[in-house]
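In what follows, a structure is listed as structure tokens, so that the remarks can point back to it.
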Amino acid sequence: MKEVKPSRKPLIFYYFVVLLVVLLFNMLVMPVMTQQSVTEVDYGKFMTMAERHQIGEVQIQDKEIYFTSKDGETVYMTGKMDDPNLVSMLRESGAKFSQQVVNDTASPLINLLSWILPFVLFIAIGQYMSKKLLEKAGGGGNAMMFGMGKSNAKIYVHSTEGISFDDVAGEDEAKENLSEIVEYLHDPTKYTEIGASMPKGILLVGPPGTGKTMLAKAVAGEASVPFFSISGSEFVEMFVGMGASKVRDLFKQAKEKSPCIVFIDEIDAIGKKRDGQLGGNDEREQTLNQLLTEMDGFEGNNGVIILAATNRPESLDPALLRPGRFDRRVPVELPDLKGREDILKVHAKKVKVADGVDYNAIARMASGASGAELANIVNEAALRAVRDGRKEVSQSDLEESIEVVIAGYEKKHAILTLEEKRIVAYHEIGHALVAACQSHSAPVQKITIVPRTSGALGYTMQVEEGNHYLMSRTELENKIATFTGGRAAEALVFDSITTGASNDIEQATKIARAMITRYGMSDEFGMVAMETVNNQYLGGDASLSCSPQTQADIDRMVVDLVSRQYDKAMTILRENREKLDQLASFLYEKETITGEEFMAILESGSEQK
Ligand code: ADP
Ligand code: ZN
């Protein structure tokens with residue numbers, strides 16, 4: 001093993017730090033420690049007090065005069081004036097002015113402390129540092145000051161007690177994909193015999209909170225191998241070159257412990273496309289280059305498997321994705337209905353749940369929720385049960401906590417005028433009624449018009465639409481009409497419109513724009529893409545890729561499309577004006593309406609006709 005002497009540089013750095021500590025201590029801490037509560041008064045008051053013989057002791061300093069009251073209890077301070085009569089005045093007042101006034105019995109001690117403490121610190125840190133440096137030098141070079149070049153990767157799971165695939169609910173495709181890795185780690189010979197080599201890197205791609213980290217841990221747990229985890233952002237340090245050295249260090253450790261799993265979370269922090277722009281991030285690029293070199297450097301079958309997670313796969317550098325590096329991509333999508341039910345059950349095991357809770361119903365309500373949100377829902381429900389002094393989590397706890405997690409807490413004391421409340425009721429019913437008249441089924445699970453902390457004035461729980469992957473043009477148009485229904489109802493009933501529809505407008509526009517620019521649903525453009533999606537997993541922004549003239553055309557068509565749907569919604573509401581009034585006043589009274597109640601009211605009238 002080669003011996004490397006710790007470099008001299010760290011010591012200079014170290015002296016510098018200690019000096020800084022001493023200075024800071026004296027400048028910042030000392031004044032605070034010695035300060036006594038001093039009342040600041042003006043010079044006039046000082047003179048008056050002197051004349052009235054109310055002064056005990058006086059200490060005259062450079063710029064200030066400190067003095068105490070006769071009983072010595074209060075300390076005053078005033079600015080020093082160029083007053084020739086000061087001394088005679090003080091003598092007349094009978095104050096003592098030879099002594100120090102500011103209480104400083106403690107001050108010699110503190111003074112001493114302020115010098116000794118840093119030295120104690122100095123020695124302690126010195127000891128620690130030299131030990132560290134020696135350790136590092138002994139470990140084979142790469143001694144860096146303050147251990148900054150060392151990777152923070154830590155062995156996370158100890159094989160058996162780790163997380164297993166059973167803890168990750170849903171995500172069956174991802175698990176199936178990864179179980180091959182587990183098999184390989186168990187028995188590599190089976191693969192090497194035939195000459196197959198495992199992918200070195202696997203990219204877990206999906207929206208936040210879907211269990212990517214959990215899956216990586218589960219692979220290590222299932223295969224009973226060590227698990228190194230580090231976040232991409234941890235590589236990026238203040239000093240250029242540190243990140244690269246961390247990468248080297250990480251891979252060195254991993255190779256020693258192989259077979260093992262190395263998990264790099266948020267890999268986009270280092271793996272972003274290198275764009276070669278001026279003032280690009282040197283440190284990040286060096287780190288990435290080092291990572292690429294390391295991945296090329298080791299053999300396919302040496303037992304180190306790198307899992308990386310990201311939710312912006314499109315921003316990754318192509319070099320990172322080429323064969324031999326992260327060449328396998330495992331999508332980890334938001335869970336479907338069955339998946340949500342399973343995730344709820346997994347997390348419900350950790351809390352006491354009453355018998356007969358219908359997880360399927362909860363999963364239906366929580367459509368679109370990620371695994372992390374579902375875990376949060378279960379926890380919120382348990383908290384609610386405790387708040388109400390119950391020992392078990394009930395169905396209604398879970399139902400309420402969905403609304404809490406998705407829309408925020410109820411604002412119990414929100415000040416909504418009665419008029420506003422009426423408008424909100426009409427607005428929400430407007431959406432629901434338009435939806436119901438188009439689909440002929442219950443459009444919502446529930447609508448409440450209790451304001452939420454998220455800022456929503458009402459909350460609509462959508463019906464789970466089941467798993468369907470295609471949307472027809474008519475469905476999309478109906479959706480837009482539904483979004484415009486809220487505003488249409490306001491306009492129809494109150495003849496005035498409010499700001500409450502801003503979110504609806506945004507959503508409707510998004511759909512309309514996508515129909516024209518991406519789904520080829522306009523008569524004019526046909527199947528030409530005018531937009532590309534950037535962040536599929538983080539909201540899905542799109543960027544236009546067409547000429548300015550076309551952009552203007554698109555804008556016009558979007559306006560046309562949305563306003564056509566608005567007219568349609570308006571017609572529906574006009575034709576069902578009676579129902580609209582009935583439903584809105586029901587919601588206004590009760591503040592909550594369920595899907596069944598909604599349909600009951602909607603259908604009651606039509607039977608009479
Ligand atoms: P990601 O890495 O995808 O952002 P995590 O793996 O960190 O998400 O998940 C965060 C938390 O959400 C986990 O600790 C777990 O409690 C919960 N969770 C997410 N997905 C699942 C799942 N499929 N099954 C069970 N729990 C999950
Ligand atoms: Zn609305």
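Order determines the names: the first chain of the structure tokens is A, the second B, and so forth; residues in each chain are numbered 1 upward, and ligands are numbered 1 upward as they are shown.
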
Item to check | Residues within 12 Å of ligand 2, counting only C-alpha atoms and all ligand atoms, as JSON, numbers by chain | outcome: {"A": [423, 424, 425, 426, 427, 428, 429, 430, 431, 432, 434, 447, 449, 456, 457, 458, 459, 460, 480, 481, 482, 483, 484, 485, 486, 487, 488, 489, 490, 497, 498, 499, 500, 501, 502, 503, 504, 505, 506, 507, 508]}

Item to check | Expected answer as a PyMOL selection string: residues within 7 Å of ligand 1, only C-alpha atoms and all ligand atoms | outcome: chain A and resi 167-171+206-215+309+343+346-347+370-373+375

Checklist entry - Looking only at the backbone, which of the residues in stretch 182-368 of chain A does DSSP tag as alpha helix (DSSP H), as a PyMOL selection string? => result chain A and resi 182-186+188-194+212-223+232-235+242-256+268-271+282-297+318-321+337-348+359-365

Kindly save the residues from that selection, with C-alpha atoms included, as a CSV table (one decimal), in the first residue's frame.
```
chain,number,residue,atom,x,y,z
A,182,VAL,CA,-31.8,-9.6,-7.7
A,183,GLU,CA,-31.4,-13.0,-9.4
A,184,TYR,CA,-28.1,-12.0,-10.9
A,185,LEU,CA,-26.7,-10.8,-7.5
A,186,HIS,CA,-27.8,-14.1,-6.0
A,188,PRO,CA,-24.0,-14.5,-11.1
A,189,THR,CA,-22.6,-17.6,-12.6
A,190,LYS,CA,-25.9,-18.5,-14.3
A,191,TYR,CA,-25.4,-15.3,-16.3
A,192,THR,CA,-21.7,-15.3,-16.8
A,193,GLU,CA,-21.7,-18.9,-18.0
A,194,ILE,CA,-23.8,-18.0,-21.0
A,212,LYS,CA,-38.1,4.9,-6.6
A,213,THR,CA,-35.9,5.0,-3.5
A,214,MET,CA,-37.9,2.3,-1.9
A,215,LEU,CA,-37.5,0.0,-5.0
A,216,ALA,CA,-33.7,0.5,-5.0
A,217,LYS,CA,-33.5,-0.4,-1.3
A,218,ALA,CA,-35.8,-3.3,-1.9
A,219,VAL,CA,-33.4,-4.7,-4.6
A,220,ALA,CA,-30.6,-4.5,-2.1
A,221,GLY,CA,-32.7,-6.0,0.6
A,222,GLU,CA,-33.9,-8.9,-1.6
A,223,ALA,CA,-30.4,-9.7,-2.8
A,232,GLY,CA,-26.8,13.7,-7.1
A,233,SER,CA,-26.7,17.1,-5.5
A,234,GLU,CA,-24.3,15.9,-2.8
A,235,PHE,CA,-21.6,15.5,-5.5
A,242,MET,CA,-14.4,17.8,-5.3
A,243,GLY,CA,-17.4,16.1,-6.9
A,244,ALA,CA,-15.2,14.1,-9.2
A,245,SER,CA,-13.1,13.0,-6.3
A,246,LYS,CA,-16.3,12.0,-4.5
A,247,VAL,CA,-17.3,9.9,-7.4
A,248,ARG,CA,-13.9,8.1,-7.4
A,249,ASP,CA,-14.2,7.5,-3.8
A,250,LEU,CA,-17.7,6.1,-4.0
A,251,PHE,CA,-16.7,3.7,-6.7
A,252,LYS,CA,-13.7,2.6,-4.8
A,253,GLN,CA,-15.8,1.8,-1.8
A,254,ALA,CA,-18.4,0.1,-3.8
A,255,LYS,CA,-15.8,-2.2,-5.6
A,256,GLU,CA,-14.5,-3.2,-2.2
A,268,ASP,CA,-30.2,15.0,-13.0
A,269,ALA,CA,-28.3,17.2,-10.6
A,270,ILE,CA,-25.1,16.0,-12.2
A,271,GLY,CA,-26.3,14.3,-15.3
A,282,ASP,CA,-17.5,23.2,-14.7
A,283,GLU,CA,-17.8,21.4,-11.4
A,284,ARG,CA,-20.9,19.5,-12.6
A,285,GLU,CA,-19.4,18.6,-15.9
A,286,GLN,CA,-16.2,17.3,-14.3
A,287,THR,CA,-18.3,15.2,-11.9
A,288,LEU,CA,-20.3,13.8,-14.8
A,289,ASN,CA,-17.2,13.0,-16.8
A,290,GLN,CA,-15.8,11.2,-13.8
A,291,LEU,CA,-19.0,9.2,-13.4
A,292,LEU,CA,-18.9,8.2,-17.1
A,293,THR,CA,-15.3,7.2,-16.8
A,294,GLU,CA,-15.9,5.1,-13.7
A,295,MET,CA,-18.8,3.4,-15.4
A,296,ASP,CA,-16.8,2.6,-18.4
A,297,GLY,CA,-13.9,1.5,-16.2
A,318,PRO,CA,-27.2,11.4,-23.9
A,319,ALA,CA,-23.7,10.1,-23.0
A,320,LEU,CA,-25.1,8.9,-19.7
A,321,LEU,CA,-27.8,6.9,-21.4
A,337,LEU,CA,-56.5,2.0,-8.6
A,338,LYS,CA,-55.3,-1.4,-7.6
A,339,GLY,CA,-51.9,-0.1,-6.8
A,340,ARG,CA,-53.3,2.6,-4.7
A,341,GLU,CA,-55.4,0.1,-2.8
A,342,ASP,CA,-52.3,-2.0,-2.2
A,343,ILE,CA,-50.2,0.9,-1.0
A,344,LEU,CA,-52.9,2.0,1.4
A,345,LYS,CA,-53.0,-1.5,2.8
A,346,VAL,CA,-49.2,-1.7,3.2
A,347,HIS,CA,-49.2,1.6,5.1
A,348,ALA,CA,-52.4,0.7,7.1
A,359,TYR,CA,-59.8,0.5,1.1
A,360,ASN,CA,-61.1,0.3,-2.4
A,361,ALA,CA,-63.4,3.3,-1.8
A,362,ILE,CA,-60.5,5.3,-0.4
A,363,ALA,CA,-58.3,4.4,-3.3
A,364,ARG,CA,-61.1,5.5,-5.7
A,365,MET,CA,-61.3,8.9,-4.0
```

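Among the candidates A:Leu334, A:Gln59, A:Ala407, A:Asp495, the one nearest to A:Ala174 when counting only C-alpha atoms is A:Leu334.
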
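Note that DSSP on the backbone gives strand (DSSP E) to these residues of stretch 207-263 of chain A: A:Phe227, A:Phe228, A:Ser229, A:Ile230, A:Ser231, A:Cys260, A:Ile261, A:Val262, A:Phe263.
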
8 Å contact set for A:Ala308, only C-alpha atoms, chain neighbours under 4 positions out, as a short mmCIF file (atom, residue, chain, number, x, y, z; two decimals) with N, CA and C atoms, in the first residue's frame:
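This went into part13.cif:
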```cif
data_model
loop_
_atom_site.label_atom_id
_atom_site.label_comp_id
_atom_site.auth_asym_id
_atom_site.auth_seq_id
_atom_site.Cartn_x
_atom_site.Cartn_y
_atom_site.Cartn_z
N GLY A 201 -25.91 0.11 -15.28
CA GLY A 201 -26.72 1.15 -14.67
C GLY A 201 -28.17 1.02 -15.06
N ILE A 202 -29.05 1.26 -14.09
CA ILE A 202 -30.48 1.21 -14.36
C ILE A 202 -31.08 2.52 -13.89
N LEU A 203 -31.88 3.10 -14.75
CA LEU A 203 -32.45 4.40 -14.43
C LEU A 203 -33.91 4.20 -14.03
N LEU A 204 -34.24 4.61 -12.81
CA LEU A 204 -35.63 4.56 -12.38
C LEU A 204 -36.26 5.93 -12.68
N PHE A 263 -26.91 3.53 -5.14
CA PHE A 263 -28.11 4.26 -5.55
C PHE A 263 -27.81 5.76 -5.61
N ILE A 264 -28.00 6.35 -6.77
CA ILE A 264 -27.80 7.80 -6.91
C ILE A 264 -29.15 8.45 -7.12
N ASP A 265 -29.62 9.18 -6.11
CA ASP A 265 -30.91 9.83 -6.20
C ASP A 265 -30.74 11.15 -6.95
N GLU A 266 -31.78 11.59 -7.60
CA GLU A 266 -31.76 12.89 -8.31
C GLU A 266 -30.52 13.01 -9.20
N ILE A 267 -30.34 12.04 -10.05
CA ILE A 267 -29.12 12.05 -10.86
C ILE A 267 -29.07 13.23 -11.81
#
```

Next on the checklist: Can you pull out the residues contacting stretch 587-602 of chain A? Cut-off 10 Å, using only C-alpha atoms, and skip same-chain residues under 3 positions away; I want them as number ranges by chain.
Outcome noted: A: 418, 421-426, 428-429, 432-433, 436-437, 440-450, 458-463, 576, 578-584, 605-607

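Atom to atom, atom CA of A:Asp62 and atom CA of A:Lys80 stand 7.7 Å apart.
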
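The closest residue to A:Val225, picked from A:Thr571, A:Val559, A:Lys272, A:Gly303 and counting only C-alpha atoms, is A:Gly303.
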
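Residue nearest A:Phe97, chosen from A:Glu73, A:Glu400, A:Glu57, A:Asp553 and counting only C-alpha atoms: A:Glu57.
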
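Around A:Glu173, within 9 Å and counting only C-alpha atoms, the residues found are Val330, Pro331 and Val332 of chain A, once anything fewer than 6 positions away on its own chain is removed.
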
Next on the checklist: Could you list, as a list in words, every residue within 12 Å of A:Arg52, counting only C-alpha atoms and ignoring same-chain residues fewer than 6 positions away?
Outcome noted: Lys45, Phe46, Ser69, Lys70, Met89, Leu90, Glu92, Ser93, Gly94 and Ala95 of chain A

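Straight-line separation from atom CA of A:Leu117 to atom CA of A:Val18: 11.0 Å.
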
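Taking atom CA of A:Asp560 and atom CA of A:Gly526 as the two end points, the separation is 16.6 Å.
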
Checklist entry - Taking into account only C-alpha atoms, which residue in the set A:Ser472, A:Ala491, A:Pro199, A:Ile163 is nearest to A:Met570? => result A:Ala491
